[in-house]
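Colleague: First, the structure itself, so that you have it in front of you.
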Amino acid sequence: MLAHSAVRALSANSRAFSSSVARQTKVAVLGAGGGIGQPLSLLLKTDPLVTSLSLYDIRGAPGVAADVSHVDAHSEVNGYPADKLDEALDGAQVVVIPAGVPRKPGMTRDDLFNTNASIVRDLAAAIGRVAPTAHILVISNPVNSTVPIVASTLQKAGVYNPARLFGVTTLDVVRAARFTAGIAGVKPADTPITVVGGHSGATIVPLLSQNAHGKAITGDIYKALVHRIQFGGDEVVKAKDGAGSATLSMAYAGAKFTNSLLRGLNGEKGVITPTFVESPLYKDQGIDFFSSNVELGVNGVEKIYPLGPLSAEEEKLMEACLPELKKNVEKGKAFVESS
Ligand code: NAI
């Protein structure tokens, strides 16, 4: 049996070891007062890999921060009002952006472009100035365009690093797993589906054939499943009847992706998930950004995986995806060039 002093020395050692290995990670949420921002902030507060949480919004962030800060997780929480963006970003290693307007019934994600493009551009410019080495996770729609907007804005500022910029497409992955499991009568853990392309309608391409349960779904049920994964967001917009789009499932998906990135940044190996990044896969067709499986590691993007084998139906889905995605990406780039 170990003497008490030895036990104390061991636990002191393990504390020193764990604090030197585990990074101090400050995560900022821009848009923390919104429908996604509030539950996302709550979930990030409970993530043990977050040591400091910085909540910013043009409305209501100090209130959200005061509320969330009472949760008995070890991270500290600070809220910042509209005129304190620089303070909110100071020292942040990860910045999650759910700022902007959501859809109303009948709107596409592209209809949000006019409002959200300038919001995202201005936030990206501030990140480039105050936290130029931060990893940036873009939730604000249209993701297919807002991610290129962030890239071009950082490029203009001379601080763009493609390994640190991610469009969050995790909600499509979450929906694909849930809907497929429902049809197959199994648990969502048994139906991880790789979703590639972009994050809107026809640009969302679920690779169901790469999962045994997904592959078994054929005919009209397959077609309806693909449509539901591509347009699942519309179900929520319709059901909320003018009160916005997915917020709770998106907060879950945003927290899930943030946790994956933090695990990668902390040195965990084999953290692989689809995300919308600057990608070599379709550059020869003029498409600079694409979502496919990405290994996340200490530098952010470690490895971008190719799509793997596609079924004939998936080849067709890709044919519909690529031209639309190209337009969306170009629209984002052109916006920054002209502003
Ligand atoms: P919301 O309207 O409830 O919240 C948006 C928040 O952004 C508000 O609190 C607002 O004050 C804030 N905001 C506006 N301009 C800002 C600025 N310049 N700086 C900081 N904060 C600012 O909207 P919700 O439902 O939270 O959606 C946010 C965005 O996320 C929308 O663009 C929506 O389309 C998108 N979204 C993305 C999904 C994805 O899968 N990537 C899924 C669902 C929504």
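Quick note on naming: the chains in the structure tokens go A, B, ... in the order shown, residues restart at 1 in each chain, and ligands are numbered from 1 in order of appearance.
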Which residues in range 86-117 of chain A does DSSP call helix (DSSP H, G or I)? List them as a PyMOL selection string.
Modeller: chain A and resi 86-89+109-117
Colleague: Please return, as a PyMOL selection string, all residues of range 54-133 of chain A that DSSP assigns to strand (DSSP E) on the basis of the backbone.
Modeller: chain A and resi 54-56+76-80+94-97
Colleague: Record the distance separating CA of Tyr305 in chain A and CA of Thr146 in chain A, expressed in Å with one decimal.
Modeller: 22.5 Å
Colleague: Between A:Thr191, A:Gln285, A:Thr108, A:Ser52, which one has atoms that come closest to Lys326 in chain A, using only C-alpha atoms?
Modeller: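 Between A:Thr191, A:Gln285, A:Thr108, A:Ser52, the residue approaching Lys326 in chain A most closely is A:Gln285.
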Colleague: My list of candidates is A:Gly264, A:Gly214, A:Gly254, A:Gly167. Which is closest to Ala181 in chain A when distances are computed with only C-alpha atoms?
Modeller: A:Gly214
Colleague: Report as a tab-separated table (two decimals) with C-alpha atoms, in the first residue's frame all protein, DNA and RNA residues lying within 9 Å of Ser279 in chain A, evaluated on only C-alpha atoms, omitting residues in the same chain fewer than 4 positions from it.
Modeller:
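What landed in selection_28.tsv:
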chain	number	residue	atom	x	y	z
A	162	PRO	CA	-7.25	27.09	-44.68
A	283	LYS	CA	-10.57	22.47	-57.43
A	287	ILE	CA	-14.87	24.61	-56.69
A	288	ASP	CA	-12.51	25.64	-53.89
A	289	PHE	CA	-14.67	24.62	-50.93
A	290	PHE	CA	-16.23	21.23	-50.34
A	291	SER	CA	-17.42	19.10	-47.46
A	292	SER	CA	-16.05	15.58	-47.09
A	304	ILE	CA	-9.04	15.64	-46.31
Colleague: Throw together the list of residues within 6 Å of ligand 1, counting only C-alpha atoms and all ligand atoms, and drop it here as a PyMOL selection string.
Modeller: chain A and resi 30-31+33-37+57-59+98-103+119+139-141+168-169+171+244-247+250
Colleague: Go through A:Ile97, A:Ile183, A:Ala176, A:Ala73 one by one, measure the shortest atom-to-atom distance of each to Gly232 in chain A using only C-alpha atoms, and give the residue with the smallest value.
Modeller: A:Ala176
Colleague: Rounded to one decimal in Å, what is the spacing between CA of Val298 in chain A and CA of Ile136 in chain A?
Modeller: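 Computing it gives 14.3 Å between the two atoms.
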Colleague: Show which residues sit within 12 Å of Gln155 in chain A, as a list in words. Count only C-alpha atoms, and ignore same-chain residues fewer than 2 positions away.
Modeller: Arg121, Ala124, Ala125, Gly128, Arg129, Pro132, Pro148, Ile149, Val150, Ala151, Ser152, Thr153, Ala157, Gly158, Val159, Tyr160, Asn161, Pro162, Leu165, Lys333, Val336 and Glu337 of chain A
Colleague: Determine, counting only C-alpha atoms, which protein, DNA and RNA residues have an atom within 6 Å of an atom of Pro105 in chain A; residues of the same chain fewer than 2 positions away are not included. Present the result as number ranges by chain.
Modeller: A: 107, 237-238
Colleague: Which residue is closest to Lys327 in chain A? Choose from A:Gly198, A:Pro39, A:Pro48, A:Gly106 and count only C-alpha atoms.
Modeller: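 Ranking A:Gly198, A:Pro39, A:Pro48, A:Gly106 by distance to Lys327 in chain A, first place goes to A:Gly198.
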Colleague: Please compute the CA of Pro192 in chain A-CA of Thr273 in chain A distance, one decimal, in Å.
Modeller: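 Spanning CA of Pro192 in chain A to CA of Thr273 in chain A is a straight-line distance of 10.0 Å.
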Colleague: At a cut-off of 10 Å, using only C-alpha atoms, what residues contact Asn266 in chain A? Leave out same-chain residues fewer than 5 positions from it and give the result as JSON, numbers by chain.
Modeller: {"A": [21, 22, 23, 24, 25, 49, 260, 261, 297, 298, 299]}
Colleague: Looking at only C-alpha atoms, which of A:Gly79, A:Gly91, A:Pro274, A:Pro309 is the one that sits closest to Tyr56 in chain A?
Modeller: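 Nearest candidate to Tyr56 in chain A out of A:Gly79, A:Gly91, A:Pro274, A:Pro309: A:Gly79.
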Colleague: Just checking: using only C-alpha atoms, which residue out of A:Ile217, A:Val29, A:Leu40, A:Val174 ends up closest to Leu248 in chain A?
Modeller: A:Leu40
